[in-house]
Each structure stands twice: as structure tokens, then as C-alpha cells.
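Structure first, commentary second.
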Amino acid sequence: MDCIDLRSDTVTWPTPEMRQAMANAAVGDDVFGDDPTVNRLQDEAARRFGKESGLFVTSGTMGNLVAVLAHCGRGDEVILGDKAHTFVYEAGGIAVLGGVHPHTVPVQPDGTLPLDLIRQAIRPDNIHMPVTRLILLENTHGSMSGVPIPKDYIDSVGEIAQEHGLALHIDGARIFNAATALNCDVADLTAAADSVTFCLSKGLCAPAGSILVGSREFITKARRVRKILGGGMRQVGVLAAAGLIALNTMTRRLADDHANARRLAEGLAAMPQFEIDLTSVQTNIMFFSLRDDAGITAPQLADKLKAHNIKLMSMGQRDFRIVTHYWIRPEHVDQVLAAIQEELPS
Ligand SMILES: *Cc1c(COP(=O)(O)O)cnc(C)c1O
């Protein structure tokens, strides 16, 4: 890449190997089910997650929207976190397009929803109320420093869902980061879920695309919803070719990104101008703040770093978010720390 871009892992360029595979991809009309590369990607993703079927979708947002619309009808309710991406950052699509009612529960610092609050949120059979249909979890949790949520917790939520005849969907945009940090298998981690979305873009470097996995019956429904949303694409094997490398190769190197995040976080923690909770830095995302008396605002520091060819995201006057990814190497981390040190008022 042409700069050290720490704003997000969405900024990742496809790798040279991906560009090569895209150029040579076998393709067909995927709406006819004729694209061999898409079919292979969907099959391999389903197998990796221990589910029956997979569906290639344009984005994580579409994956979650398709999943919620395939699980729920109009007037049904989904229980999800008050900081969940689907609740906050997907433009209210589940309500706008699906008539699905969100019922939020406060997300804890570890990314979980308290089990007793999930139980309390489930509606009794009462004509005054919406019908609870779905529970949605996010793993890793993006707004909570990318914390990974362990299998035990997901299994407990799965038991509640099963007790009440509800479905469980996991927004696993970064589920491979979670599996890497927890040192477990994604199929095991998501065994209790009826459906999972994950992003091939972001840290896995594909230029676009996400996958939704679930039962054969569920994916048949989801395929129709995808068509309704305008997500039926044609010779999209050119994207799926990059997706196969994302799935098969890039998922196995995420520990490097986590190590770089750790290295960066520890460097920042050593500077007295910053506040950072090192225990929260478990994957590739970190949030940190300038202290009141740092003598510089976050936008001012971000602006100064541009001259060093470094981009990072400031939020408000004191807060930053940094995300590491494939194109950030240990030497970049050291360069970033040195540049910050140089630009901070002493
Ligand atoms: C990025 C993200 C999405 C949405 O993915 P897009 O491809 O940007 O639409 C959904 N959930 C989480 C947790 C994400 O981080």
C-alpha cells in the first residue's frame, strides 16, 4: 500500500496473488448458479463452518440484512446489542426494509449481552407485543475493541434460543480474528448458531464480498432475499477467486495482525500522554485516548501524522481507533510510534 493506513482493515488492498487469481477466474452466471468459482467458495466456506450451505453476498451489511430478513417476517423482533453493528451502523435496514423490530440489550465490555437480560427480552405470547424470532451476536465485537467472544458464552445463548424456539445469528464480520485469538476452530466457535456472516474483505484482503452460511433450507430462503435486495450478481467469480484466497490463506495469518496491534498498544501505553486499556487489546482493533493535559487534540495529531504518510482515525477531541491488518508490518508499527513520539508536545 502507498501509506500506513491504520483507519480500518477495510482499507486493505487485494494481494498480488488475489489479483492473479481474479484475472484467471473461471466464471458463469451466478444467478443461474453457473459460476464455478462462486460455487466453490460457497461450498468451502460452508464446510469450514460445519454448515450445509453458503451464499456469497456483496457486503457484511447485506449478509446481516439477508440473514435477518430470512429468519424474520414483518413485526417480528430481533434481540441484539445496543452497540451492535447491525443496530448502529447498518442504516436501520432491518426495520426499513424488513419491518423487523430491534430489541436492544446493553453490550458489556467483553462484547457479551447478559444472559438474564436476553431471557427478559424474550416476549411472552401476547397480542400487544412483537413476536421474538431471533437473537443476534457480534464476534469479534467491533465497538468493544474487537474483543473475541468465547464458545461457552455462544453455546449458552444457543441454549436460550433453543429453549424458546428462536434462531441465533452471528455477525462474524471478523469471526476468524475471534477464532485466532481464542485458538479455536470457527466451526466449533459458531456451532450453536443457525447462521453466520463473515467478511472476505476487511482483514482477509479481498476487494469485496461476504459469506452467509447456514442450513440448506435457510440459504434457499436467503438466496431469494438476496435477489430481492438486488444482490444477485452475474460473473462474480472474479471476486470469489479473491475470496477463496481470503478464506483459505488469509484466515491463517491473523495472529500476525494481533501481535502488531499488541506491539503498537504497548508502545502507546508507554507514552504518558495516552490512556489505553491493554487488557482490551485482544485482536486487531484498539481504542485509546489522549489525556486532558496532552496539549494536543486527536484531530490535530492525526493531521500531523499525515505528513509522515500515516493515516489514523480520530473520534471526537481525544479518542482514536486503530486497526491493524495484512499491510501493516512490525517495522510500520515502529515507524508509527516514532512519528507519534515526534509530534506529541513534550
Ligand atoms: C464491517 C462490519 C459489518 C459490515 O460489513 P460491510 O462489508 O462494511 O458492509 C458488519 N458487522 C461488523 C461487526 C463489521 O465490523
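Residues in the C-alpha cells are numbered from 1 in each chain, the chains being A, B, ... in the order shown, and ligands are numbered from 1 in the order shown.
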
Task: Shell of 10 Å around Val11 in chain A, only C-alpha atoms, local chain residues under 3 positions omitted, as JSON, numbers by chain - done: {"A": [1, 5, 6, 7, 8, 14, 201, 202, 203, 205, 207, 323, 325, 327]}

TODO: Please identify which residues in range 146-346 of chain A DSSP calls helix (DSSP H, G or I) from the backbone, and express them as a VMD selection string.
DONE: chain A and resid 151 to 163 175 to 182 186 to 189 202 to 204 216 to 228 237 to 248 250 to 252 254 to 269 278 to 280 292 to 294 298 to 306 330 to 343

Open item on the list: Taking only C-alpha atoms into account, name the residue in A:Arg253, A:Lys151, A:His258, A:His332 that is nearest to Thr112 in chain A.
Closed with: A:Lys151

TODO: State, in Å with one decimal place, the distance from CA of Phe288 in chain A to CA of His85 in chain A.
DONE: 19.9 Å

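Neighbouring residues of range 98-107 of chain A at 6 Å or closer, counting only C-alpha atoms and skipping chain neighbours under 4 positions away, are Leu69, Arg74, Gly75, Asp76, Glu77, Val78, Ile79, Leu80, Gly81, Asp82, Ile94, Gly111, Thr112 and Leu113 of chain A.
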
Could those residues be written to a file, using all heavy atoms, as an mmCIF file, in the first residue's frame?
```
data_model
loop_
_atom_site.group_PDB
_atom_site.id
_atom_site.type_symbol
_atom_site.label_atom_id
_atom_site.label_comp_id
_atom_site.auth_asym_id
_atom_site.auth_seq_id
_atom_site.Cartn_x
_atom_site.Cartn_y
_atom_site.Cartn_z
ATOM 1 N N LEU A 69 -33.712 -10.901 7.430
ATOM 2 C CA LEU A 69 -34.942 -10.998 6.633
ATOM 3 C C LEU A 69 -35.323 -12.446 6.326
ATOM 4 O O LEU A 69 -36.499 -12.750 6.134
ATOM 5 C CB LEU A 69 -34.809 -10.192 5.332
ATOM 6 C CG LEU A 69 -35.294 -8.729 5.394
ATOM 7 C CD1 LEU A 69 -34.686 -7.948 6.522
ATOM 8 C CD2 LEU A 69 -35.072 -8.033 4.072
ATOM 9 N N ARG A 74 -42.243 -9.442 8.907
ATOM 10 C CA ARG A 74 -42.606 -8.096 9.379
ATOM 11 C C ARG A 74 -43.266 -8.197 10.753
ATOM 12 O O ARG A 74 -44.098 -9.058 10.987
ATOM 13 C CB ARG A 74 -43.539 -7.405 8.394
ATOM 14 C CG ARG A 74 -42.939 -7.242 7.014
ATOM 15 C CD ARG A 74 -43.824 -6.398 6.099
ATOM 16 N NE ARG A 74 -43.837 -4.998 6.520
ATOM 17 C CZ ARG A 74 -42.878 -4.128 6.227
ATOM 18 N NH1 ARG A 74 -41.832 -4.502 5.522
ATOM 19 N NH2 ARG A 74 -42.962 -2.882 6.639
ATOM 20 N N GLY A 75 -42.847 -7.333 11.661
ATOM 21 C CA GLY A 75 -43.426 -7.341 13.008
ATOM 22 C C GLY A 75 -42.733 -8.294 13.963
ATOM 23 O O GLY A 75 -43.023 -8.288 15.155
ATOM 24 N N ASP A 76 -41.830 -9.111 13.450
ATOM 25 C CA ASP A 76 -41.035 -9.966 14.335
ATOM 26 C C ASP A 76 -39.942 -9.124 14.992
ATOM 27 O O ASP A 76 -39.607 -8.034 14.525
ATOM 28 C CB ASP A 76 -40.384 -11.111 13.546
ATOM 29 C CG ASP A 76 -41.386 -12.178 13.141
ATOM 30 O OD1 ASP A 76 -42.514 -12.179 13.673
ATOM 31 O OD2 ASP A 76 -41.036 -13.015 12.289
ATOM 32 N N GLU A 77 -39.382 -9.687 16.050
ATOM 33 C CA GLU A 77 -38.399 -8.924 16.810
ATOM 34 C C GLU A 77 -37.069 -9.674 16.883
ATOM 35 O O GLU A 77 -37.043 -10.896 16.996
ATOM 36 C CB GLU A 77 -38.935 -8.682 18.221
ATOM 37 C CG GLU A 77 -38.170 -7.614 18.980
ATOM 38 C CD GLU A 77 -38.923 -7.153 20.223
ATOM 39 O OE1 GLU A 77 -39.130 -7.971 21.133
ATOM 40 O OE2 GLU A 77 -39.303 -5.971 20.283
ATOM 41 N N VAL A 78 -35.989 -8.892 16.815
ATOM 42 C CA VAL A 78 -34.650 -9.456 16.995
ATOM 43 C C VAL A 78 -34.028 -8.838 18.250
ATOM 44 O O VAL A 78 -34.091 -7.620 18.451
ATOM 45 C CB VAL A 78 -33.758 -9.233 15.744
ATOM 46 C CG1 VAL A 78 -33.718 -7.787 15.299
ATOM 47 C CG2 VAL A 78 -32.328 -9.730 15.990
ATOM 48 N N ILE A 79 -33.432 -9.677 19.081
ATOM 49 C CA ILE A 79 -32.723 -9.216 20.279
ATOM 50 C C ILE A 79 -31.253 -9.052 19.907
ATOM 51 O O ILE A 79 -30.630 -9.999 19.406
ATOM 52 C CB ILE A 79 -32.879 -10.231 21.429
ATOM 53 C CG1 ILE A 79 -34.363 -10.352 21.824
ATOM 54 C CG2 ILE A 79 -32.023 -9.833 22.634
ATOM 55 C CD1 ILE A 79 -34.657 -11.509 22.763
ATOM 56 N N LEU A 80 -30.716 -7.849 20.127
ATOM 57 C CA LEU A 80 -29.314 -7.604 19.767
ATOM 58 C C LEU A 80 -28.719 -6.516 20.656
ATOM 59 O O LEU A 80 -29.458 -5.849 21.394
ATOM 60 C CB LEU A 80 -29.191 -7.253 18.270
ATOM 61 C CG LEU A 80 -29.533 -5.864 17.759
ATOM 62 C CD1 LEU A 80 -29.289 -5.794 16.247
ATOM 63 C CD2 LEU A 80 -30.954 -5.439 18.028
ATOM 64 N N GLY A 81 -27.425 -6.358 20.601
ATOM 65 C CA GLY A 81 -26.738 -5.404 21.472
ATOM 66 C C GLY A 81 -26.983 -3.960 21.067
ATOM 67 O O GLY A 81 -27.159 -3.661 19.881
ATOM 68 N N ASP A 82 -26.958 -3.070 22.072
ATOM 69 C CA ASP A 82 -27.182 -1.650 21.769
ATOM 70 C C ASP A 82 -25.984 -1.010 21.078
ATOM 71 O O ASP A 82 -26.075 0.123 20.606
ATOM 72 C CB ASP A 82 -27.557 -0.873 23.050
ATOM 73 C CG ASP A 82 -26.448 -0.898 24.096
ATOM 74 O OD1 ASP A 82 -25.486 -1.682 23.969
ATOM 75 O OD2 ASP A 82 -26.547 -0.126 25.070
ATOM 76 N N ILE A 94 -32.809 -3.400 8.788
ATOM 77 C CA ILE A 94 -33.738 -4.472 9.164
ATOM 78 C C ILE A 94 -35.145 -3.911 9.394
ATOM 79 O O ILE A 94 -36.144 -4.567 9.095
ATOM 80 C CB ILE A 94 -33.253 -5.284 10.400
ATOM 81 C CG1 ILE A 94 -33.104 -4.405 11.638
ATOM 82 C CG2 ILE A 94 -31.932 -5.995 10.073
ATOM 83 C CD1 ILE A 94 -32.862 -5.192 12.934
ATOM 84 N N GLY A 111 -18.097 -7.671 25.210
ATOM 85 C CA GLY A 111 -18.824 -7.908 23.961
ATOM 86 C C GLY A 111 -20.072 -8.769 24.102
ATOM 87 O O GLY A 111 -20.813 -8.951 23.130
ATOM 88 N N THR A 112 -20.324 -9.278 25.308
ATOM 89 C CA THR A 112 -21.478 -10.165 25.502
ATOM 90 C C THR A 112 -22.726 -9.357 25.894
ATOM 91 O O THR A 112 -22.628 -8.195 26.300
ATOM 92 C CB THR A 112 -21.209 -11.204 26.611
ATOM 93 O OG1 THR A 112 -21.046 -10.512 27.863
ATOM 94 C CG2 THR A 112 -19.967 -12.018 26.309
ATOM 95 N N LEU A 113 -23.881 -10.008 25.790
ATOM 96 C CA LEU A 113 -25.135 -9.488 26.321
ATOM 97 C C LEU A 113 -25.448 -10.336 27.550
ATOM 98 O O LEU A 113 -25.393 -11.566 27.453
ATOM 99 C CB LEU A 113 -26.262 -9.642 25.295
ATOM 100 C CG LEU A 113 -25.957 -9.188 23.862
ATOM 101 C CD1 LEU A 113 -27.151 -9.472 22.947
ATOM 102 C CD2 LEU A 113 -25.617 -7.710 23.848
#
```

- [ ] Could you give me, as an MDAnalysis selection string, every polymer residue with an atom at most 9 Å away from an atom of ligand 1, counting only C-alpha atoms and all ligand atoms?
- [x] chainID A and resid 9:10 58:64 84:86 89:90 138:143 146 171:175 197:202 208:210

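Distances here use only C-alpha atoms; by that measure, the residue among A:Glu343, A:Asp256, A:Asp34, A:Glu52 closest to Ala181 in chain A is A:Asp256.
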
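DSSP, applied to the backbone of this structure, assigns strand (DSSP E) to the following residues of range 43-89 of chain A: Ser53, Gly54, Leu55, Phe56, Val57, Asp76, Glu77, Val78, Ile79, Leu80 and Gly81 of chain A.
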
Could you dump the residues just selected with all heavy atoms as a short mmCIF file (atom, residue, chain, number, x, y, z; two decimals), in the first residue's frame?
```cif
data_model
loop_
_atom_site.label_atom_id
_atom_site.label_comp_id
_atom_site.auth_asym_id
_atom_site.auth_seq_id
_atom_site.Cartn_x
_atom_site.Cartn_y
_atom_site.Cartn_z
N SER A 53 -24.74 -25.01 3.81
CA SER A 53 -24.67 -24.19 2.60
C SER A 53 -24.11 -22.80 2.89
O SER A 53 -24.15 -22.32 4.03
CB SER A 53 -26.06 -23.99 2.00
OG SER A 53 -26.54 -25.16 1.43
N GLY A 54 -23.64 -22.18 1.80
CA GLY A 54 -23.13 -20.81 1.90
C GLY A 54 -23.70 -19.96 0.79
O GLY A 54 -24.16 -20.49 -0.24
N LEU A 55 -23.68 -18.64 1.00
CA LEU A 55 -24.18 -17.70 -0.01
C LEU A 55 -23.24 -16.50 -0.07
O LEU A 55 -22.96 -15.88 0.95
CB LEU A 55 -25.60 -17.24 0.38
CG LEU A 55 -26.33 -16.35 -0.64
CD1 LEU A 55 -26.68 -17.15 -1.89
CD2 LEU A 55 -27.60 -15.77 -0.01
N PHE A 56 -22.77 -16.20 -1.28
CA PHE A 56 -21.90 -15.04 -1.49
C PHE A 56 -22.77 -13.79 -1.55
O PHE A 56 -23.74 -13.76 -2.30
CB PHE A 56 -21.12 -15.22 -2.80
CG PHE A 56 -20.09 -14.14 -3.06
CD1 PHE A 56 -18.90 -14.13 -2.37
CD2 PHE A 56 -20.33 -13.16 -4.01
CE1 PHE A 56 -17.94 -13.14 -2.63
CE2 PHE A 56 -19.38 -12.17 -4.27
CZ PHE A 56 -18.19 -12.16 -3.58
N VAL A 57 -22.45 -12.79 -0.75
CA VAL A 57 -23.20 -11.52 -0.76
C VAL A 57 -22.22 -10.36 -0.93
O VAL A 57 -21.01 -10.52 -0.76
CB VAL A 57 -24.04 -11.34 0.52
CG1 VAL A 57 -25.19 -12.33 0.58
CG2 VAL A 57 -23.18 -11.46 1.78
N ASP A 76 -41.83 -9.11 13.45
CA ASP A 76 -41.03 -9.97 14.34
C ASP A 76 -39.94 -9.12 14.99
O ASP A 76 -39.61 -8.03 14.52
CB ASP A 76 -40.38 -11.11 13.55
CG ASP A 76 -41.39 -12.18 13.14
OD1 ASP A 76 -42.51 -12.18 13.67
OD2 ASP A 76 -41.04 -13.01 12.29
N GLU A 77 -39.38 -9.69 16.05
CA GLU A 77 -38.40 -8.92 16.81
C GLU A 77 -37.07 -9.67 16.88
O GLU A 77 -37.04 -10.90 17.00
CB GLU A 77 -38.94 -8.68 18.22
CG GLU A 77 -38.17 -7.61 18.98
CD GLU A 77 -38.92 -7.15 20.22
OE1 GLU A 77 -39.13 -7.97 21.13
OE2 GLU A 77 -39.30 -5.97 20.28
N VAL A 78 -35.99 -8.89 16.82
CA VAL A 78 -34.65 -9.46 17.00
C VAL A 78 -34.03 -8.84 18.25
O VAL A 78 -34.09 -7.62 18.45
CB VAL A 78 -33.76 -9.23 15.74
CG1 VAL A 78 -33.72 -7.79 15.30
CG2 VAL A 78 -32.33 -9.73 15.99
N ILE A 79 -33.43 -9.68 19.08
CA ILE A 79 -32.72 -9.22 20.28
C ILE A 79 -31.25 -9.05 19.91
O ILE A 79 -30.63 -10.00 19.41
CB ILE A 79 -32.88 -10.23 21.43
CG1 ILE A 79 -34.36 -10.35 21.82
CG2 ILE A 79 -32.02 -9.83 22.63
CD1 ILE A 79 -34.66 -11.51 22.76
N LEU A 80 -30.72 -7.85 20.13
CA LEU A 80 -29.31 -7.60 19.77
C LEU A 80 -28.72 -6.52 20.66
O LEU A 80 -29.46 -5.85 21.39
CB LEU A 80 -29.19 -7.25 18.27
CG LEU A 80 -29.53 -5.86 17.76
CD1 LEU A 80 -29.29 -5.79 16.25
CD2 LEU A 80 -30.95 -5.44 18.03
N GLY A 81 -27.43 -6.36 20.60
CA GLY A 81 -26.74 -5.40 21.47
C GLY A 81 -26.98 -3.96 21.07
O GLY A 81 -27.16 -3.66 19.88
#
```

Open item on the list: Set the distance at 7 Å and use only C-alpha atoms: which residues neighbour Thr297 in chain A once local chain neighbours fewer than 2 positions away are removed? I'd like the list as a ChimeraX atom specification.
Closed with: /A:299-301,317-318

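Each of A:Asp110, A:Leu65, A:Phe32, A:Ser346 was compared to Val96 in chain A using only C-alpha atoms, and A:Leu65 turns out to be the nearest.
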
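Between CA of Ala67 in chain A and CA of Leu134 in chain A there is a distance of 10.1 Å.
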
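The environment of range 219-232 of chain A within 6 Å, counting only C-alpha atoms and disregarding residues fewer than 2 places along the same chain, consists of Val31, Val66, Ala70, Arg216 and Glu217 of chain A.
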
Create the file for the chosen residues now, containing N, CA, C and O atoms and written as an mmCIF file, in the first residue's frame.
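See again-v2.cif below for the written result:
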```
data_model
loop_
_atom_site.group_PDB
_atom_site.id
_atom_site.type_symbol
_atom_site.label_atom_id
_atom_site.label_comp_id
_atom_site.auth_asym_id
_atom_site.auth_seq_id
_atom_site.Cartn_x
_atom_site.Cartn_y
_atom_site.Cartn_z
ATOM 1 N N VAL A 31 -26.496 -15.997 -11.018
ATOM 2 C CA VAL A 31 -27.937 -16.028 -10.721
ATOM 3 C C VAL A 31 -28.525 -17.357 -11.220
ATOM 4 O O VAL A 31 -29.449 -17.902 -10.631
ATOM 5 N N VAL A 66 -29.765 -9.844 4.860
ATOM 6 C CA VAL A 66 -30.349 -11.048 4.250
ATOM 7 C C VAL A 66 -30.680 -12.065 5.346
ATOM 8 O O VAL A 66 -31.757 -12.667 5.344
ATOM 9 N N ALA A 70 -34.337 -13.335 6.282
ATOM 10 C CA ALA A 70 -34.665 -14.749 6.041
ATOM 11 C C ALA A 70 -35.156 -15.421 7.331
ATOM 12 O O ALA A 70 -35.954 -16.348 7.281
ATOM 13 N N ARG A 216 -29.294 -25.746 4.520
ATOM 14 C CA ARG A 216 -29.665 -25.699 3.098
ATOM 15 C C ARG A 216 -30.983 -24.940 2.935
ATOM 16 O O ARG A 216 -31.118 -24.071 2.071
ATOM 17 N N GLU A 217 -31.931 -25.251 3.807
ATOM 18 C CA GLU A 217 -33.251 -24.622 3.733
ATOM 19 C C GLU A 217 -33.154 -23.103 3.964
ATOM 20 O O GLU A 217 -33.764 -22.308 3.252
#
```

Task: Selected residue of minimal separation from Thr12 in chain A among A:Thr324, A:Asn24, A:Ser156, A:Ser289, counting only C-alpha atoms - done: A:Thr324

Any chance you could tabulate, as JSON lines, the residues of range 161-238 of chain A at most 8 Å from range 26-29 of chain A with each one's nearest atom pair and distance in Å to one decimal, using only C-alpha atoms, in chain and rising number order?
```
{"residue": "A:Met233", "atom": "CA", "partner": "A:Asp29", "partner_atom": "CA", "distance": 7.7}
{"residue": "A:Arg234", "atom": "CA", "partner": "A:Asp29", "partner_atom": "CA", "distance": 4.5}
{"residue": "A:Gln235", "atom": "CA", "partner": "A:Gly28", "partner_atom": "CA", "distance": 5.1}
{"residue": "A:Val236", "atom": "CA", "partner": "A:Val27", "partner_atom": "CA", "distance": 6.9}
{"residue": "A:Gly237", "atom": "CA", "partner": "A:Val27", "partner_atom": "CA", "distance": 5.0}
{"residue": "A:Val238", "atom": "CA", "partner": "A:Val27", "partner_atom": "CA", "distance": 7.0}
```

Keeping only N, CA and C atoms, write the selected residues as a PDB file, in the first residue's frame.
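Result file part-v8.pdb:
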```pdb
ATOM      1  N   MET A 233     -25.711 -11.351  -8.476  1.00  0.00           N
ATOM      2  CA  MET A 233     -24.707 -10.818  -9.402  1.00  0.00           C
ATOM      3  C   MET A 233     -24.394 -11.875 -10.458  1.00  0.00           C
ATOM      4  N   ARG A 234     -23.741 -11.514 -11.508  1.00  0.00           N
ATOM      5  CA  ARG A 234     -23.540 -12.427 -12.641  1.00  0.00           C
ATOM      6  C   ARG A 234     -22.162 -13.097 -12.599  1.00  0.00           C
ATOM      7  N   GLN A 235     -21.185 -12.648 -13.383  1.00  0.00           N
ATOM      8  CA  GLN A 235     -19.888 -13.361 -13.454  1.00  0.00           C
ATOM      9  C   GLN A 235     -19.006 -12.940 -12.284  1.00  0.00           C
ATOM     10  N   VAL A 236     -19.500 -13.233 -11.108  1.00  0.00           N
ATOM     11  CA  VAL A 236     -18.880 -12.689  -9.904  1.00  0.00           C
ATOM     12  C   VAL A 236     -17.770 -13.614  -9.382  1.00  0.00           C
ATOM     13  N   GLY A 237     -17.466 -14.637 -10.185  1.00  0.00           N
ATOM     14  CA  GLY A 237     -16.305 -15.479  -9.887  1.00  0.00           C
ATOM     15  C   GLY A 237     -15.002 -14.683  -9.800  1.00  0.00           C
ATOM     16  N   VAL A 238     -14.965 -13.537 -10.491  1.00  0.00           N
ATOM     17  CA  VAL A 238     -13.753 -12.701 -10.387  1.00  0.00           C
ATOM     18  C   VAL A 238     -13.541 -12.227  -8.941  1.00  0.00           C
TER      19      VAL A 238
END
```

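If you look at CA of Ile4 in chain A and CA of Ile310 in chain A, they are 4.7 Å away from each other.
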
Open item on the list: Residues near range 263-276 of chain A, anyone? I mean within 7 Å using only C-alpha atoms, not counting same-chain ones fewer than 3 positions away, as JSON, numbers by chain.
Closed with: {"A": [259, 260, 288, 289, 290, 291, 294, 333, 337]}
